[in-house]
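Visitor: Please see the structure below; I have some questions.
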Amino acid sequence: MSPAGSKARAPRQAPGAPQVLLDLLSARGPSGYEAAPVAIWREAAGEFAQVSTDVVGTPVARVPPRAGARDGRSSIGRSKLGRRRLLVMGHIDEIGVIVTHIDDDGFLWFRPVGGWDPQILIGQRVLIDTRDGPIPGLVGRKPIHLLRDEEEKKVVQIRDMHIDVGARDGAQARKLVRIGDVAVIDSLPLELPNGRLSARALDNRIGSYVALQAARLVADAGGAAWELVAAAVTQEETTFAGSRTSAFALEPSAAIVIDVTHATDAPGIEVKEEGRHKLGSGPVICRGSTLNEALFELLHETARKDKIPFTIQASARATGTDADAVHLSRGGVPTALVSVPLRYMHSPVELVQLDDVDACARLVAAAALRLRPSSEFAR
């Protein structure tokens with residue numbers, strides 16, 4: 001039985017993006033079926049950290065504190081060895097679809113896994129992960145020539161679409177595919193000019209990559225005053241399951257969540273609502289009522305002193321990210337949110353600038369290295 005998404009390496013199309021990032025973006029891993037990208041993440045993290053995976057599939061990489069860094073204060077947020085712990089996480093799942101019905105003509109009907117703009121799915125090629133390996137399919141609907149006047153005016157819904165796998169009838173289709181098989185759009189990463197990278201799973205495979213790289217940088221520096229635990233959490237696009245369970249089990253003293261946010265230098269986006277976050281302007285540090293102000297100030301001051309470009313985003317209520325689950329864990333976790341500007345979110349052509357990705361990892365690592373054994377972030 002093949003896990004969702006093979007580990008086959010993506011072909012490098014131009015120098016720029018690290019191979020591990022291309023591999024992560026090429027692996028198929030919709031929410032609840034993240035085994036393939038998790039295997040790639042684990043292999044990379046194992047080069048510098050102690051790695052394990054929990055029962056919901058979230059891998060974690062532990063970087064111990066530097067020698068002699070111990071805290072004699074409160075036991076809250078400390079491991080069994082008495083260490084303060086910083087949790088850095090990005091979710092590793094992506095949006096996809098799941099097969100709900102196979103009709104007698106051999107067509108597959110499906111529902112979304114995560115949030116889709118249905119218009120994007122029309123005419124896409126998909127890869128369906130089955131027990132015998134991936135098979136291709138095509139997302140179809142009634143051709144525009146055959147739509148009646150009232151149908152032409154309606155926005156297409158996912159219930160109006162089907163997947164065609166080339167089966168001659170339902171019996172053959174049911175031999176190929178089972179109810180509950182999942183699929184993602186069939187596309188590989190594409191490197192563009194000016195250090196820009198497009199891929200279908202940047203939201204938020206890029207966050208898991210930043211967490212990985214930040215942990216690597218801290219390990220290369222000999223560790224921080226706190227233990228750093230990087231996590232590539234699962235199921236963010238559906239239930240926040242990975243962040244809920246990881247924050248509960250790991251009991252961090254503080255947490256930095258890495259995600260993506262809307263780049264506002266694309267046409268039609270209102271900067272008065274979203275803020276000004278251009279590609280190339282660096283990581284986006286979020287402020288808001290659910291986020292910890294002192295942790296924000298640490299990130300802000302670190303970026304300023306280390307001359308890392310950044311912008312600031314305001315969140316009025318929930319952030320729509322794993323931070324919403326983490327900050328409420330147990331008795332509460334001081335939580336920060338750092339994002340990478342991204343164009344065309346939840347599409348097969350999501351787009352980031354690699355400079356921003358690198359700057360995000362450097363910022364998180366530098367902030368971790370500024371922590372002191374006595375650092376506190378209680379409100």
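Letters for chains follow the order of the structure tokens (A, B, ...), residue numbers begin at 1 for each chain, and ligand numbers begin at 1 in the order shown.
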Near segment 60-64 of chain A, within 10 Å and counting only C-alpha atoms, which residues show up once chain neighbours fewer than 3 positions away are dropped, as a PyMOL selection string?
Guide: chain A and resi 38+41-42+44-46+48-54+57+67+69+83+85-89+211-212+215-216+218-220+222-233+246+250
Visitor: Just to be explicit: take each residue in the selection above, keep N, CA and C atoms, and write the result as a short mmCIF file (atom, residue, chain, number, x, y, z; two decimals), in the first residue's frame.
Guide:
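Dumped to part19.cif:
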data_model
loop_
_atom_site.label_atom_id
_atom_site.label_comp_id
_atom_site.auth_asym_id
_atom_site.auth_seq_id
_atom_site.Cartn_x
_atom_site.Cartn_y
_atom_site.Cartn_z
N VAL A 38 5.89 14.29 5.93
CA VAL A 38 6.45 14.08 7.27
C VAL A 38 7.74 13.26 7.19
N TRP A 41 10.50 15.59 6.12
CA TRP A 41 10.83 16.51 7.21
C TRP A 41 11.65 15.80 8.29
N ARG A 42 11.21 14.61 8.66
CA ARG A 42 11.92 13.83 9.68
C ARG A 42 13.36 13.54 9.27
N ALA A 44 15.28 15.20 7.24
CA ALA A 44 16.09 16.41 7.30
C ALA A 44 16.38 16.82 8.75
N ALA A 45 15.37 16.72 9.62
CA ALA A 45 15.56 17.11 11.02
C ALA A 45 16.51 16.17 11.75
N GLY A 46 16.54 14.91 11.32
CA GLY A 46 17.42 13.93 11.96
C GLY A 46 18.89 14.22 11.78
N PHE A 48 20.32 16.91 12.65
CA PHE A 48 20.84 17.79 13.71
C PHE A 48 20.08 17.70 15.03
N ALA A 49 18.98 16.93 15.07
CA ALA A 49 18.14 16.92 16.26
C ALA A 49 17.61 15.53 16.56
N GLN A 50 17.09 15.36 17.77
CA GLN A 50 16.39 14.14 18.14
C GLN A 50 14.96 14.25 17.64
N VAL A 51 14.50 13.25 16.87
CA VAL A 51 13.22 13.35 16.18
C VAL A 51 12.28 12.25 16.64
N SER A 52 11.00 12.60 16.78
CA SER A 52 9.97 11.61 17.08
C SER A 52 8.67 12.05 16.41
N THR A 53 7.69 11.14 16.36
CA THR A 53 6.39 11.45 15.77
C THR A 53 5.29 10.98 16.71
N ASP A 54 4.24 11.80 16.89
CA ASP A 54 3.18 11.43 17.82
C ASP A 54 2.06 10.67 17.12
N GLY A 57 0.50 11.99 13.94
CA GLY A 57 1.39 12.12 12.79
C GLY A 57 2.30 13.32 12.80
N ALA A 67 24.85 23.98 27.04
CA ALA A 67 25.34 23.45 28.32
C ALA A 67 25.26 24.51 29.41
N ALA A 69 22.57 25.87 30.70
CA ALA A 69 21.38 26.73 30.70
C ALA A 69 20.27 26.03 31.47
N ARG A 83 13.98 22.14 32.00
CA ARG A 83 14.34 23.11 30.98
C ARG A 83 13.13 23.95 30.57
N ARG A 85 11.14 25.67 27.56
CA ARG A 85 10.95 25.10 26.22
C ARG A 85 10.24 26.10 25.30
N LEU A 86 10.84 26.35 24.14
CA LEU A 86 10.21 27.15 23.09
C LEU A 86 9.73 26.21 22.00
N LEU A 87 8.45 26.27 21.68
CA LEU A 87 7.86 25.48 20.61
C LEU A 87 7.75 26.33 19.36
N VAL A 88 8.35 25.88 18.28
CA VAL A 88 8.27 26.56 16.98
C VAL A 88 7.56 25.62 16.02
N MET A 89 6.44 26.05 15.46
CA MET A 89 5.66 25.12 14.63
C MET A 89 5.13 25.77 13.36
N ALA A 211 10.23 26.28 10.36
CA ALA A 211 10.46 25.72 11.69
C ALA A 211 11.68 24.81 11.69
N LEU A 212 11.79 23.99 10.65
CA LEU A 212 12.94 23.09 10.50
C LEU A 212 14.24 23.88 10.41
N ALA A 215 15.26 25.67 13.66
CA ALA A 215 15.84 24.71 14.60
C ALA A 215 17.26 24.36 14.20
N ARG A 216 17.50 24.20 12.90
CA ARG A 216 18.85 23.89 12.42
C ARG A 216 19.83 25.02 12.78
N VAL A 218 19.60 27.17 15.23
CA VAL A 218 19.85 27.17 16.68
C VAL A 218 20.79 26.03 17.05
N ALA A 219 20.59 24.87 16.44
CA ALA A 219 21.49 23.74 16.71
C ALA A 219 22.92 24.07 16.28
N ASP A 220 23.05 24.72 15.11
CA ASP A 220 24.38 25.09 14.61
C ASP A 220 25.07 26.08 15.54
N GLY A 222 24.91 25.96 18.71
CA GLY A 222 25.20 25.30 19.98
C GLY A 222 24.05 25.29 20.96
N GLY A 223 22.84 25.66 20.47
CA GLY A 223 21.66 25.67 21.33
C GLY A 223 21.39 27.03 21.91
N ALA A 224 20.18 27.21 22.41
CA ALA A 224 19.77 28.44 23.06
C ALA A 224 19.70 28.22 24.56
N ALA A 225 19.30 29.25 25.30
CA ALA A 225 19.13 29.09 26.74
C ALA A 225 17.95 28.18 27.06
N TRP A 226 16.99 28.11 26.16
CA TRP A 226 15.84 27.22 26.30
C TRP A 226 15.99 26.04 25.36
N GLU A 227 15.37 24.93 25.69
CA GLU A 227 15.21 23.86 24.71
C GLU A 227 14.32 24.38 23.59
N LEU A 228 14.67 24.07 22.35
CA LEU A 228 13.83 24.43 21.21
C LEU A 228 13.24 23.15 20.62
N VAL A 229 11.94 23.14 20.46
CA VAL A 229 11.26 22.00 19.85
C VAL A 229 10.56 22.51 18.60
N ALA A 230 10.99 22.03 17.43
CA ALA A 230 10.33 22.37 16.16
C ALA A 230 9.30 21.28 15.86
N ALA A 231 8.14 21.68 15.35
CA ALA A 231 7.08 20.74 15.04
C ALA A 231 6.49 21.07 13.67
N ALA A 232 6.22 20.02 12.91
CA ALA A 232 5.52 20.14 11.62
C ALA A 232 4.12 19.55 11.83
N VAL A 233 3.21 20.38 12.30
CA VAL A 233 1.94 19.86 12.81
C VAL A 233 0.98 19.49 11.67
N SER A 246 -0.02 18.83 20.11
CA SER A 246 1.40 19.11 20.36
C SER A 246 1.58 20.12 21.48
N LEU A 250 3.53 18.91 24.82
CA LEU A 250 4.88 19.45 25.00
C LEU A 250 4.98 20.49 26.10
#
Visitor: With only C-alpha atoms as the counted atoms, please give the residues lying no more than 10 Å from His101 of chain A, apart from itself and same-chain residues fewer than 4 positions off, as a VMD selection string.
Guide: chain A and resid 106 to 111 162 174 178 to 180
Visitor: Keeping only N, CA, C and O atoms, write the selected residues as a short mmCIF file (atom, residue, chain, number, x, y, z; two decimals), in the first residue's frame.
Guide:
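Written output follows (out.cif):
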data_model
loop_
_atom_site.label_atom_id
_atom_site.label_comp_id
_atom_site.auth_asym_id
_atom_site.auth_seq_id
_atom_site.Cartn_x
_atom_site.Cartn_y
_atom_site.Cartn_z
N GLY A 106 -18.70 5.32 -13.67
CA GLY A 106 -17.26 5.37 -13.40
C GLY A 106 -16.74 6.72 -12.99
O GLY A 106 -15.52 6.90 -12.88
N PHE A 107 -17.62 7.68 -12.74
CA PHE A 107 -17.18 9.01 -12.32
C PHE A 107 -17.10 9.07 -10.79
O PHE A 107 -17.92 8.48 -10.08
N LEU A 108 -16.09 9.82 -10.30
CA LEU A 108 -15.88 9.98 -8.86
C LEU A 108 -16.44 11.32 -8.43
O LEU A 108 -16.21 12.35 -9.07
N TRP A 109 -17.16 11.30 -7.32
CA TRP A 109 -17.68 12.53 -6.73
C TRP A 109 -16.93 12.76 -5.44
O TRP A 109 -16.50 11.81 -4.77
N PHE A 110 -16.77 14.01 -5.06
CA PHE A 110 -15.83 14.32 -3.99
C PHE A 110 -16.27 15.52 -3.18
O PHE A 110 -17.15 16.30 -3.59
N ARG A 111 -15.61 15.66 -2.03
CA ARG A 111 -15.79 16.84 -1.18
C ARG A 111 -14.41 17.43 -0.89
O ARG A 111 -13.40 16.73 -0.99
N HIS A 162 -16.95 16.48 -10.99
CA HIS A 162 -16.61 15.07 -10.79
C HIS A 162 -15.17 14.85 -11.22
O HIS A 162 -14.55 15.72 -11.85
N ARG A 174 -14.32 1.27 -9.40
CA ARG A 174 -14.27 0.81 -8.01
C ARG A 174 -13.11 -0.14 -7.75
O ARG A 174 -12.70 -0.34 -6.60
N ARG A 178 -11.14 3.68 -4.01
CA ARG A 178 -12.09 3.38 -2.95
C ARG A 178 -12.65 4.69 -2.38
O ARG A 178 -12.01 5.74 -2.44
N ILE A 179 -13.85 4.60 -1.82
CA ILE A 179 -14.40 5.73 -1.09
C ILE A 179 -13.42 6.10 0.02
O ILE A 179 -12.92 5.25 0.75
N GLY A 180 -13.14 7.39 0.15
CA GLY A 180 -12.20 7.85 1.17
C GLY A 180 -10.79 8.05 0.68
O GLY A 180 -9.96 8.57 1.42
#
Visitor: I'd like the contact shell of Glu236 of chain A - 10 Å cut-off, only C-alpha atoms, skipping same-chain residues fewer than 3 positions apart - returned as an mmCIF file with all heavy atoms, in the first residue's frame.
Guide:
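Output file part04.cif follows:
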data_model
loop_
_atom_site.group_PDB
_atom_site.id
_atom_site.type_symbol
_atom_site.label_atom_id
_atom_site.label_comp_id
_atom_site.auth_asym_id
_atom_site.auth_seq_id
_atom_site.Cartn_x
_atom_site.Cartn_y
_atom_site.Cartn_z
ATOM 1 N N PRO A 30 -2.489 15.921 1.999
ATOM 2 C CA PRO A 30 -3.657 16.653 2.516
ATOM 3 C C PRO A 30 -3.913 16.317 3.974
ATOM 4 O O PRO A 30 -3.378 15.338 4.504
ATOM 5 C CB PRO A 30 -4.803 16.162 1.612
ATOM 6 C CG PRO A 30 -4.353 14.850 1.075
ATOM 7 C CD PRO A 30 -2.861 14.940 0.969
ATOM 8 N N SER A 31 -4.717 17.121 4.632
ATOM 9 C CA SER A 31 -4.953 16.968 6.067
ATOM 10 C C SER A 31 -5.362 15.549 6.422
ATOM 11 O O SER A 31 -6.298 14.994 5.852
ATOM 12 C CB SER A 31 -6.056 17.937 6.516
ATOM 13 O OG SER A 31 -5.601 19.257 6.484
ATOM 14 N N GLY A 32 -4.648 14.977 7.384
ATOM 15 C CA GLY A 32 -4.901 13.624 7.835
ATOM 16 C C GLY A 32 -4.129 12.565 7.073
ATOM 17 O O GLY A 32 -4.143 11.390 7.467
ATOM 18 N N GLY A 90 5.038 24.934 12.324
ATOM 19 C CA GLY A 90 4.326 25.283 11.104
ATOM 20 C C GLY A 90 3.573 24.045 10.667
ATOM 21 O O GLY A 90 4.052 22.925 10.879
ATOM 22 N N HIS A 91 2.413 24.204 10.069
ATOM 23 C CA HIS A 91 1.669 22.993 9.704
ATOM 24 C C HIS A 91 2.137 22.448 8.358
ATOM 25 O O HIS A 91 2.508 23.186 7.446
ATOM 26 C CB HIS A 91 0.151 23.225 9.753
ATOM 27 C CG HIS A 91 -0.446 24.084 8.692
ATOM 28 N ND1 HIS A 91 -0.856 23.605 7.471
ATOM 29 C CD2 HIS A 91 -0.765 25.407 8.677
ATOM 30 C CE1 HIS A 91 -1.391 24.580 6.755
ATOM 31 N NE2 HIS A 91 -1.342 25.682 7.467
ATOM 32 N N ILE A 92 2.116 21.123 8.250
ATOM 33 C CA ILE A 92 2.705 20.435 7.097
ATOM 34 C C ILE A 92 1.647 19.897 6.143
ATOM 35 O O ILE A 92 1.961 19.403 5.060
ATOM 36 C CB ILE A 92 3.647 19.309 7.570
ATOM 37 C CG1 ILE A 92 4.613 18.872 6.459
ATOM 38 C CG2 ILE A 92 2.848 18.126 8.135
ATOM 39 C CD1 ILE A 92 5.771 18.034 6.948
ATOM 40 N N ASP A 93 0.375 19.992 6.517
ATOM 41 C CA ASP A 93 -0.691 19.502 5.640
ATOM 42 C C ASP A 93 -1.035 20.528 4.570
ATOM 43 O O ASP A 93 -0.561 21.670 4.600
ATOM 44 C CB ASP A 93 -1.937 19.150 6.451
ATOM 45 C CG ASP A 93 -2.508 20.337 7.210
ATOM 46 O OD1 ASP A 93 -1.719 21.096 7.799
ATOM 47 O OD2 ASP A 93 -3.736 20.523 7.226
ATOM 48 N N GLU A 94 -1.846 20.111 3.623
ATOM 49 C CA GLU A 94 -2.317 20.973 2.540
ATOM 50 C C GLU A 94 -3.779 20.659 2.266
ATOM 51 O O GLU A 94 -4.326 19.675 2.763
ATOM 52 C CB GLU A 94 -1.495 20.744 1.265
ATOM 53 C CG GLU A 94 -1.593 19.322 0.726
ATOM 54 C CD GLU A 94 -0.766 19.101 -0.538
ATOM 55 O OE1 GLU A 94 -1.038 19.769 -1.547
ATOM 56 O OE2 GLU A 94 0.139 18.242 -0.495
ATOM 57 N N ILE A 95 -4.423 21.503 1.479
ATOM 58 C CA ILE A 95 -5.800 21.231 1.093
ATOM 59 C C ILE A 95 -5.827 20.171 -0.007
ATOM 60 O O ILE A 95 -4.849 19.980 -0.733
ATOM 61 C CB ILE A 95 -6.528 22.508 0.640
ATOM 62 C CG1 ILE A 95 -5.814 23.180 -0.542
ATOM 63 C CG2 ILE A 95 -6.649 23.480 1.796
ATOM 64 C CD1 ILE A 95 -6.559 24.382 -1.109
ATOM 65 N N GLY A 114 -10.337 20.836 3.485
ATOM 66 C CA GLY A 114 -9.861 22.208 3.613
ATOM 67 C C GLY A 114 -10.661 23.128 2.711
ATOM 68 O O GLY A 114 -11.598 22.720 2.024
ATOM 69 N N ASN A 204 0.794 25.029 4.063
ATOM 70 C CA ASN A 204 1.834 25.756 4.767
ATOM 71 C C ASN A 204 3.064 24.864 4.923
ATOM 72 O O ASN A 204 3.689 24.834 5.966
ATOM 73 C CB ASN A 204 1.316 26.206 6.133
ATOM 74 C CG ASN A 204 2.283 27.050 6.906
ATOM 75 O OD1 ASN A 204 3.055 27.808 6.341
ATOM 76 N ND2 ASN A 204 2.290 26.896 8.195
ATOM 77 N N VAL A 233 3.210 20.379 12.298
ATOM 78 C CA VAL A 233 1.943 19.860 12.806
ATOM 79 C C VAL A 233 0.981 19.493 11.669
ATOM 80 O O VAL A 233 1.006 20.072 10.584
ATOM 81 C CB VAL A 233 1.274 20.850 13.776
ATOM 82 C CG1 VAL A 233 2.131 21.039 15.016
ATOM 83 C CG2 VAL A 233 0.990 22.189 13.118
ATOM 84 N N THR A 239 -8.906 20.780 11.422
ATOM 85 C CA THR A 239 -9.311 20.785 12.831
ATOM 86 C C THR A 239 -8.304 21.405 13.795
ATOM 87 O O THR A 239 -8.585 21.460 15.003
ATOM 88 C CB THR A 239 -9.565 19.337 13.313
ATOM 89 O OG1 THR A 239 -8.323 18.618 13.252
ATOM 90 C CG2 THR A 239 -10.613 18.641 12.465
ATOM 91 N N PHE A 240 -7.129 21.827 13.326
ATOM 92 C CA PHE A 240 -6.042 22.248 14.221
ATOM 93 C C PHE A 240 -5.571 21.102 15.124
ATOM 94 O O PHE A 240 -4.979 21.328 16.180
ATOM 95 C CB PHE A 240 -6.451 23.421 15.118
ATOM 96 C CG PHE A 240 -6.635 24.735 14.420
ATOM 97 C CD1 PHE A 240 -7.365 25.747 15.029
ATOM 98 C CD2 PHE A 240 -6.094 24.981 13.178
ATOM 99 C CE1 PHE A 240 -7.541 26.975 14.409
ATOM 100 C CE2 PHE A 240 -6.249 26.202 12.544
ATOM 101 C CZ PHE A 240 -6.988 27.208 13.151
ATOM 102 N N ALA A 241 -5.810 19.861 14.711
ATOM 103 C CA ALA A 241 -5.521 18.724 15.589
ATOM 104 C C ALA A 241 -4.066 18.668 16.012
ATOM 105 O O ALA A 241 -3.751 18.473 17.193
ATOM 106 C CB ALA A 241 -5.916 17.415 14.896
ATOM 107 N N GLY A 242 -3.137 18.814 15.063
ATOM 108 C CA GLY A 242 -1.726 18.689 15.388
ATOM 109 C C GLY A 242 -1.244 19.745 16.352
ATOM 110 O O GLY A 242 -0.463 19.458 17.270
ATOM 111 N N SER A 243 -1.701 20.984 16.172
ATOM 112 C CA SER A 243 -1.269 22.045 17.086
ATOM 113 C C SER A 243 -1.905 21.880 18.458
ATOM 114 O O SER A 243 -1.272 22.142 19.489
ATOM 115 C CB SER A 243 -1.592 23.421 16.503
ATOM 116 O OG SER A 243 -2.964 23.535 16.170
ATOM 117 N N ARG A 244 -3.146 21.441 18.505
ATOM 118 C CA ARG A 244 -3.803 21.219 19.799
ATOM 119 C C ARG A 244 -3.060 20.152 20.616
ATOM 120 O O ARG A 244 -2.730 20.357 21.785
ATOM 121 C CB ARG A 244 -5.246 20.764 19.593
ATOM 122 C CG ARG A 244 -6.184 21.800 19.002
ATOM 123 C CD ARG A 244 -7.578 21.203 18.807
ATOM 124 N NE ARG A 244 -8.421 22.022 17.989
ATOM 125 C CZ ARG A 244 -9.139 23.059 18.419
ATOM 126 N NH1 ARG A 244 -9.094 23.375 19.699
ATOM 127 N NH2 ARG A 244 -9.881 23.760 17.585
ATOM 128 N N GLY A 320 -6.871 32.674 12.554
ATOM 129 C CA GLY A 320 -7.091 31.678 11.508
ATOM 130 C C GLY A 320 -5.913 30.752 11.315
ATOM 131 O O GLY A 320 -5.820 30.072 10.293
ATOM 132 N N THR A 321 -5.024 30.698 12.291
ATOM 133 C CA THR A 321 -3.825 29.854 12.221
ATOM 134 C C THR A 321 -3.755 28.953 13.453
ATOM 135 O O THR A 321 -4.585 29.045 14.374
ATOM 136 C CB THR A 321 -2.545 30.698 12.158
ATOM 137 O OG1 THR A 321 -2.324 31.290 13.453
ATOM 138 C CG2 THR A 321 -2.652 31.794 11.103
ATOM 139 N N ASP A 322 -2.715 28.113 13.498
ATOM 140 C CA ASP A 322 -2.501 27.252 14.661
ATOM 141 C C ASP A 322 -2.330 28.041 15.952
ATOM 142 O O ASP A 322 -2.524 27.488 17.043
ATOM 143 C CB ASP A 322 -1.266 26.375 14.436
ATOM 144 C CG ASP A 322 -1.533 25.227 13.479
ATOM 145 O OD1 ASP A 322 -2.535 24.523 13.659
ATOM 146 O OD2 ASP A 322 -0.726 25.035 12.556
ATOM 147 N N ALA A 325 -5.150 27.750 18.435
ATOM 148 C CA ALA A 325 -5.219 26.572 19.290
ATOM 149 C C ALA A 325 -4.136 26.590 20.363
ATOM 150 O O ALA A 325 -4.378 26.239 21.523
ATOM 151 C CB ALA A 325 -5.090 25.305 18.444
#
Visitor: Please report, as a PyMOL selection string, each residue of segment 83-157 of chain A to which DSSP assigns strand (DSSP E) when run on this structure's backbone.
Guide: chain A and resi 85-91+96-102+107-113+125-130+133-140
Visitor: Write out as a PyMOL selection string all residues of segment 253-310 of chain A that DSSP puts in alpha helix (DSSP H) for this structure's backbone.
Guide: chain A and resi 271-274+293-305
Visitor: How far is it from atom CA of Thr245 of chain A to atom CA of Gly332 of chain A, in Å with one decimal?
Guide: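 Computing the Euclidean distance for atom CA of Thr245 of chain A and atom CA of Gly332 of chain A yields 13.7 Å.
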Visitor: Which residues are close to Val338 of chain A, i.e. within 7 Å by only C-alpha atoms, leaving aside same-chain residues fewer than 6 positions away? Reply as number ranges by chain.
Guide: A: 257-259, 283-286
Visitor: To one decimal place in Å, what is the distance between atom CA of Asp181 of chain A and atom CA of Ser26 of chain A?
Guide: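 A separation of 18.6 Å between them.
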Visitor: Would you list the contacts of segment 128-132 of chain A as an MDAnalysis selection string, taking every protein, DNA or RNA residue within 12 Å and counting only C-alpha atoms, but skipping same-chain residues closer than 5 positions in sequence?
Guide: chainID A and resid 1:6 27:30 33:36 96:99 108 110 137:139 163:165 173:186
Visitor: Taking only C-alpha atoms into account, produce a table as CSV in which each residue of segment 109-199 of chain A with an atom at most 6 Å from an atom of segment 342-356 of chain A appears once, together with its shortest atom pair and the distance in Å to one decimal, ordered by chain and rising number.
Guide:
residue,atom,partner,partner_atom,distance
A:Gly195,CA,A:Leu354,CA,5.6
A:Arg196,CA,A:Gln353,CA,4.3
A:Leu197,CA,A:Val352,CA,5.5
A:Ser198,CA,A:Leu351,CA,4.3
A:Ala199,CA,A:Val349,CA,5.3
Visitor: Distance atom CA of Val340 of chain A-atom CA of Thr58 of chain A, one decimal place?
Guide: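 Between these atoms lies a distance of 21.3 Å.
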